[in-house]
Amino acid sequence: MRKILVLNLGSTSYKFKLYQYDGELEQLAKGEVESLTGKTASRYRISALKREAAGESAECRDHFTAFSFCQKVLTDSGVLRDLTDVDAICYKAVHGGRISGTRVVDNELLAVMKEMVPFAPTHNPIYIQLMEAIRSRYPSLLQLAHFETAFHQTIPEERTVYGVNYEWYEKYGIRKYGFHGSSHEYIAGRMKQLDPTVRKLISIHLGGSCSLCAIDDGRSVASSMGATPQSGLFQNNRVGDFDCFCLPTLAEKLGSYEEAFRQLGSNGGLLGVSGLSNDMREVLTAAQQGDHRADLAVRSFVDGIVGYIGMFTAYLQGLDGIVFTGGIGRKSGIIREMVCERLKCFGVILDEEANRCTSQQDILISAPDSRVKVYAVETNEELVLARETVEYLNGKRK
């Protein structure tokens with residue numbers, strides 16, 4: 001009987017799921033630690049063996065102390081005896097450049113992830129730090145990285161190039177990679193279970209970061225994200241697509257290129273346009289109360305989604321289904337309604353009552369006479385990683 005620990009790291013958060021495998025995967029525990037700033041006590045919530053522990057007293061200054069804290073809770077609860085019970089750790093890693101798929105965390109992988117830090121400055125450093133800390137403390141523990149770019153390896157080459165010197169593509173890795181691969185891969189598999197007739201599908205992951213993926217018979221053929229997770233739709237506080245020729249002006253006005261990039265990466269998106277918040281719920285409330293900038297942020301956000309759906313429908317040469325997932329996509333009936341209202345030309349018709357329902361994880365929200373089926377589905381990125389780890393442990397991944 002194998003145990004697999006799946007880790008998902010944010011800039012100031014640590015999330016995990018622990019699985020047991022004995023012919024099939026069973027989730028034993030899950031948890032998260034927030035506010036890993038080192039300045040205040042961290043909030044945590046851990047569920048194990050149908051029991052929950054929660055509080056605001058975890059002294060976790062970084063991801064390794066959060067890892068150690070969660071492991072202690074799991075051993076104290078009896079889920080694990082100690083770390084020797086864990087057969088492998090698998091990370092929801094973001095950017096490995098030329099390395100993709102599921103790979104062992106070794107010197108080569110760490111070196112490549114360090115090379116790609118400029119492409120994923122928020123994500124790669126925290127993963128590298130935790131990988132190295134665990135290697136140092138537990139050298140015999142198998143660590144795997146499953147990259148967010150993996151699902152997008154099937155995108156046609158003509159959709160991966162920018163209009164730049166081709167040597168940049170070859171030498172520097174300047175190309176479109178696509179991200180949120182684990183989420184879109186889960187949606188592709190889940191839709192085969194829910195409705196096998198939906199073969200030409202657009203998966204819309206809307207949350208803290210946002211992306212769309214065109215899926216043709218289970219394979220990714222287009223992604224709204226490009227070389228970095230900052231691109232595509234504008235997000236909670238990231239800029240999304242942006243004309244790079246504005247940078248010299250911004251650098252001059254703001255004092256440096258570093259400040260320009262900082263603001264594009266942390267003061268853009270919903271926060272930048274609305275001037276109020278990076279939380280869609282707060283922005284929607286302000287928009288409904290007549291705040292012009294909040295309303296503009298929402299309308300622009302929806303407009304970007306609709307634009308990519310139009311493009312991706314052309315790439316797919318038709319459209320059988322749309323799936324909304326992620327925190328916003330799954331929970332915001334208002335955003336789903338606004339998007340689908342703009343898609344009536346494709347024969348999209350929502351079932352208004354079903355669209356208001358948030359109690360079911362996976363639900364059909366289109367009307368019976370809709371030419372395109374629309375679903376709201378709870379994604380499960382960690383399950384994708386756990387499956388990949390089982391494949392590796394069983395010798396089916398190299």
# chains A, B, ... in the order shown; residues from 1 in each chain; ligands from 1
call {"tool": "select_by_dssp", "arguments": {"residues": "region 65-256 of chain A", "states": "alpha helix (DSSP H)", "output": "PyMOL selection string"}}
result
chain A and resi 65-77+107-115+124-137+166-167+181-194+247-254
call {"tool": "residues_around", "arguments": {"residues": "region 368-371 of chain A", "least_positions_apart": "3", "cutoff": "6 Å", "atoms": "only C-alpha atoms", "output": "ChimeraX atom specification"}}
result
/A:347-349
call {"tool": "closest_atom_pairs", "arguments": {"of": "region 128-239 of chain A", "to": "region 356-364 of chain A", "cutoff": "10 Å", "atoms": "only C-alpha atoms", "output": "CSV"}}
result
residue,atom,partner,partner_atom,distance
A:Arg190,CA,A:Asp362,CA,9.4
A:Met191,CA,A:Asp362,CA,9.9
A:Leu194,CA,A:Asp362,CA,8.6
A:Asp195,CA,A:Leu364,CA,9.9
call {"tool": "select_by_dssp", "arguments": {"residues": "region 24-256 of chain A", "states": "strand (DSSP E or B)", "output": "VMD selection string"}}
result
chain A and resid 25 to 34 42 to 48 51 to 58 88 to 93 102 to 104 143 to 147 200 to 206 210 to 216 219 to 223
call {"tool": "write_last_selection", "arguments": {"atoms": "C-alpha atoms", "output": "short mmCIF file (atom, residue, chain, number, x, y, z; two decimals), in the first residue's frame"}}
result
data_model
loop_
_atom_site.label_atom_id
_atom_site.label_comp_id
_atom_site.auth_asym_id
_atom_site.auth_seq_id
_atom_site.Cartn_x
_atom_site.Cartn_y
_atom_site.Cartn_z
CA LEU A 25 -6.48 6.16 -5.08
CA GLU A 26 -8.08 7.22 -1.81
CA GLN A 27 -7.63 10.67 -0.27
CA LEU A 28 -6.59 10.35 3.36
CA ALA A 29 -6.00 13.97 4.28
CA LYS A 30 -5.80 17.49 2.96
CA GLY A 31 -4.81 20.84 4.37
CA GLU A 32 -3.46 24.30 3.88
CA VAL A 33 -1.40 26.86 5.72
CA GLU A 34 -1.81 30.52 4.81
CA SER A 42 -0.14 31.45 10.07
CA ARG A 43 -3.72 30.26 9.64
CA TYR A 44 -4.17 26.57 8.97
CA ARG A 45 -6.87 23.99 8.30
CA ILE A 46 -6.16 20.28 8.07
CA SER A 47 -8.63 17.41 7.55
CA ALA A 48 -7.44 13.89 8.35
CA ARG A 51 -11.40 14.97 11.66
CA GLU A 52 -10.53 18.64 11.24
CA ALA A 53 -7.92 20.80 12.90
CA ALA A 54 -7.90 24.55 12.38
CA GLY A 55 -6.44 27.63 13.98
CA GLU A 56 -4.32 30.73 13.68
CA SER A 57 -1.38 29.72 15.83
CA ALA A 58 0.93 27.89 13.40
CA ALA A 88 6.77 9.92 -3.02
CA ILE A 89 6.13 13.65 -2.94
CA CYS A 90 4.77 15.17 -6.15
CA TYR A 91 4.81 18.94 -6.69
CA LYS A 92 2.42 20.94 -8.87
CA ALA A 93 5.45 22.64 -10.38
CA THR A 102 6.56 14.23 -14.56
CA ARG A 103 10.23 14.21 -13.62
CA VAL A 104 12.43 13.27 -10.67
CA GLN A 143 10.47 13.81 -5.03
CA LEU A 144 8.69 14.28 -8.36
CA ALA A 145 7.67 17.43 -10.21
CA HIS A 146 4.69 17.47 -12.54
CA PHE A 147 4.85 20.65 -14.61
CA LYS A 200 -14.59 19.72 -28.79
CA LEU A 201 -14.35 21.47 -25.46
CA ILE A 202 -13.19 24.78 -23.98
CA SER A 203 -12.07 24.58 -20.35
CA ILE A 204 -12.23 27.93 -18.53
CA HIS A 205 -10.24 28.05 -15.28
CA LEU A 206 -11.08 31.26 -13.42
CA CYS A 210 -7.10 32.50 -15.09
CA SER A 211 -6.74 30.66 -18.37
CA LEU A 212 -8.66 28.97 -21.15
CA CYS A 213 -7.72 25.76 -22.92
CA ALA A 214 -9.10 24.36 -26.18
CA ILE A 215 -9.38 20.58 -25.90
CA ASP A 216 -9.98 18.36 -28.92
CA ARG A 219 -5.84 16.78 -26.12
CA SER A 220 -4.84 20.40 -25.55
CA VAL A 221 -4.67 22.32 -28.83
CA ALA A 222 -4.51 25.91 -27.53
CA SER A 223 -3.93 27.83 -24.30
#
call {"tool": "residues_around", "arguments": {"residues": "region 273-289 of chain A", "least_positions_apart": "6", "cutoff": "12 Å", "atoms": "only C-alpha atoms", "output": "PDB file with N, CA and C atoms, in the first residue's frame"}}
result
ATOM      1  N   LEU A 206     -11.048  29.888 -13.925  1.00  0.00           N
ATOM      2  CA  LEU A 206     -11.082  31.262 -13.415  1.00  0.00           C
ATOM      3  C   LEU A 206     -10.903  31.232 -11.908  1.00  0.00           C
ATOM      4  N   GLY A 207      -9.828  31.834 -11.441  1.00  0.00           N
ATOM      5  CA  GLY A 207      -9.560  31.886 -10.009  1.00  0.00           C
ATOM      6  C   GLY A 207      -8.612  33.024  -9.723  1.00  0.00           C
ATOM      7  N   GLY A 208      -7.636  32.784  -8.828  1.00  0.00           N
ATOM      8  CA  GLY A 208      -6.616  33.790  -8.574  1.00  0.00           C
ATOM      9  C   GLY A 208      -5.833  34.091  -9.845  1.00  0.00           C
ATOM     10  N   SER A 209      -5.578  33.053 -10.630  1.00  0.00           N
ATOM     11  CA  SER A 209      -5.067  33.215 -11.986  1.00  0.00           C
ATOM     12  C   SER A 209      -6.041  32.520 -12.918  1.00  0.00           C
ATOM     13  N   CYS A 210      -6.041  32.916 -14.180  1.00  0.00           N
ATOM     14  CA  CYS A 210      -7.102  32.505 -15.093  1.00  0.00           C
ATOM     15  C   CYS A 210      -6.544  32.086 -16.443  1.00  0.00           C
ATOM     16  N   PHE A 234      -6.429  39.002 -18.151  1.00  0.00           N
ATOM     17  CA  PHE A 234      -5.919  39.621 -16.932  1.00  0.00           C
ATOM     18  C   PHE A 234      -6.550  38.926 -15.746  1.00  0.00           C
ATOM     19  N   GLN A 235      -5.828  38.927 -14.631  1.00  0.00           N
ATOM     20  CA  GLN A 235      -6.147  38.050 -13.524  1.00  0.00           C
ATOM     21  C   GLN A 235      -6.424  38.872 -12.274  1.00  0.00           C
ATOM     22  N   ASN A 236      -6.272  38.265 -11.102  1.00  0.00           N
ATOM     23  CA  ASN A 236      -6.665  39.014  -9.904  1.00  0.00           C
ATOM     24  C   ASN A 236      -5.802  40.264  -9.710  1.00  0.00           C
ATOM     25  N   ASN A 237      -4.472  40.095  -9.845  1.00  0.00           N
ATOM     26  CA  ASN A 237      -3.606  41.284  -9.763  1.00  0.00           C
ATOM     27  C   ASN A 237      -2.464  41.237 -10.767  1.00  0.00           C
ATOM     28  N   ARG A 238      -2.594  40.380 -11.787  1.00  0.00           N
ATOM     29  CA  ARG A 238      -1.580  40.299 -12.846  1.00  0.00           C
ATOM     30  C   ARG A 238      -2.152  40.859 -14.136  1.00  0.00           C
ATOM     31  N   VAL A 239      -1.270  41.402 -14.953  1.00  0.00           N
ATOM     32  CA  VAL A 239      -1.675  42.205 -16.091  1.00  0.00           C
ATOM     33  C   VAL A 239      -2.350  41.408 -17.199  1.00  0.00           C
ATOM     34  N   LEU A 264       3.095  45.580 -12.818  1.00  0.00           N
ATOM     35  CA  LEU A 264       2.376  44.743 -13.777  1.00  0.00           C
ATOM     36  C   LEU A 264       2.036  43.383 -13.172  1.00  0.00           C
ATOM     37  N   SER A 266       1.778  42.705  -9.778  1.00  0.00           N
ATOM     38  CA  SER A 266       1.086  42.695  -8.481  1.00  0.00           C
ATOM     39  C   SER A 266       0.015  43.766  -8.341  1.00  0.00           C
ATOM     40  N   ASN A 267      -0.030  44.702  -9.263  1.00  0.00           N
ATOM     41  CA  ASN A 267      -1.009  45.795  -9.162  1.00  0.00           C
ATOM     42  C   ASN A 267      -1.803  45.938 -10.454  1.00  0.00           C
ATOM     43  N   ASP A 295     -17.102  48.135 -12.562  1.00  0.00           N
ATOM     44  CA  ASP A 295     -17.905  47.634 -13.672  1.00  0.00           C
ATOM     45  C   ASP A 295     -17.039  47.430 -14.914  1.00  0.00           C
ATOM     46  N   LEU A 296     -16.130  48.354 -15.161  1.00  0.00           N
ATOM     47  CA  LEU A 296     -15.223  48.229 -16.308  1.00  0.00           C
ATOM     48  C   LEU A 296     -14.327  47.003 -16.163  1.00  0.00           C
ATOM     49  N   ALA A 297     -13.822  46.767 -14.947  1.00  0.00           N
ATOM     50  CA  ALA A 297     -12.965  45.604 -14.717  1.00  0.00           C
ATOM     51  C   ALA A 297     -13.715  44.314 -15.019  1.00  0.00           C
ATOM     52  N   VAL A 298     -14.966  44.222 -14.553  1.00  0.00           N
ATOM     53  CA  VAL A 298     -15.764  43.012 -14.789  1.00  0.00           C
ATOM     54  C   VAL A 298     -16.051  42.850 -16.274  1.00  0.00           C
ATOM     55  N   ARG A 299     -16.468  43.940 -16.936  1.00  0.00           N
ATOM     56  CA  ARG A 299     -16.800  43.846 -18.357  1.00  0.00           C
ATOM     57  C   ARG A 299     -15.579  43.480 -19.195  1.00  0.00           C
ATOM     58  N   SER A 300     -14.439  44.038 -18.852  1.00  0.00           N
ATOM     59  CA  SER A 300     -13.220  43.727 -19.592  1.00  0.00           C
ATOM     60  C   SER A 300     -12.782  42.285 -19.360  1.00  0.00           C
ATOM     61  N   PHE A 301     -12.914  41.819 -18.128  1.00  0.00           N
ATOM     62  CA  PHE A 301     -12.594  40.427 -17.785  1.00  0.00           C
ATOM     63  C   PHE A 301     -13.447  39.468 -18.612  1.00  0.00           C
ATOM     64  N   VAL A 302     -14.760  39.714 -18.638  1.00  0.00           N
ATOM     65  CA  VAL A 302     -15.680  38.874 -19.406  1.00  0.00           C
ATOM     66  C   VAL A 302     -15.375  38.964 -20.892  1.00  0.00           C
ATOM     67  N   GLY A 327     -12.093  28.820  -8.655  1.00  0.00           N
ATOM     68  CA  GLY A 327     -12.897  29.465  -7.627  1.00  0.00           C
ATOM     69  C   GLY A 327     -13.971  30.385  -8.175  1.00  0.00           C
ATOM     70  N   ILE A 328     -13.620  31.215  -9.174  1.00  0.00           N
ATOM     71  CA  ILE A 328     -14.600  32.119  -9.789  1.00  0.00           C
ATOM     72  C   ILE A 328     -15.490  31.346 -10.748  1.00  0.00           C
ATOM     73  N   GLY A 329     -14.899  30.530 -11.600  1.00  0.00           N
ATOM     74  CA  GLY A 329     -15.658  29.810 -12.608  1.00  0.00           C
ATOM     75  C   GLY A 329     -16.694  28.885 -12.010  1.00  0.00           C
ATOM     76  N   LYS A 331     -18.008  29.121  -8.853  1.00  0.00           N
ATOM     77  CA  LYS A 331     -18.908  29.702  -7.862  1.00  0.00           C
ATOM     78  C   LYS A 331     -19.658  30.949  -8.318  1.00  0.00           C
ATOM     79  N   SER A 332     -19.207  31.589  -9.394  1.00  0.00           N
ATOM     80  CA  SER A 332     -19.831  32.850  -9.784  1.00  0.00           C
ATOM     81  C   SER A 332     -20.807  32.656 -10.944  1.00  0.00           C
ATOM     82  N   GLY A 333     -22.085  32.498 -10.594  1.00  0.00           N
ATOM     83  CA  GLY A 333     -23.108  32.399 -11.624  1.00  0.00           C
ATOM     84  C   GLY A 333     -23.225  33.676 -12.431  1.00  0.00           C
ATOM     85  N   ILE A 334     -22.892  34.811 -11.823  1.00  0.00           N
ATOM     86  CA  ILE A 334     -22.977  36.089 -12.531  1.00  0.00           C
ATOM     87  C   ILE A 334     -21.980  36.128 -13.681  1.00  0.00           C
ATOM     88  N   ILE A 335     -20.736  35.736 -13.429  1.00  0.00           N
ATOM     89  CA  ILE A 335     -19.722  35.738 -14.490  1.00  0.00           C
ATOM     90  C   ILE A 335     -20.105  34.736 -15.577  1.00  0.00           C
ATOM     91  N   MET A 338     -22.835  36.270 -17.667  1.00  0.00           N
ATOM     92  CA  MET A 338     -22.358  37.352 -18.529  1.00  0.00           C
ATOM     93  C   MET A 338     -21.605  36.803 -19.739  1.00  0.00           C
TER      94      MET A 338
END
call {"tool": "closest_residue", "arguments": {"among": "A:Thr149, A:Asn355, A:Thr228, A:Thr12", "to": "Gly101 (chain A)", "atoms": "only C-alpha atoms"}}
result
A:Thr149
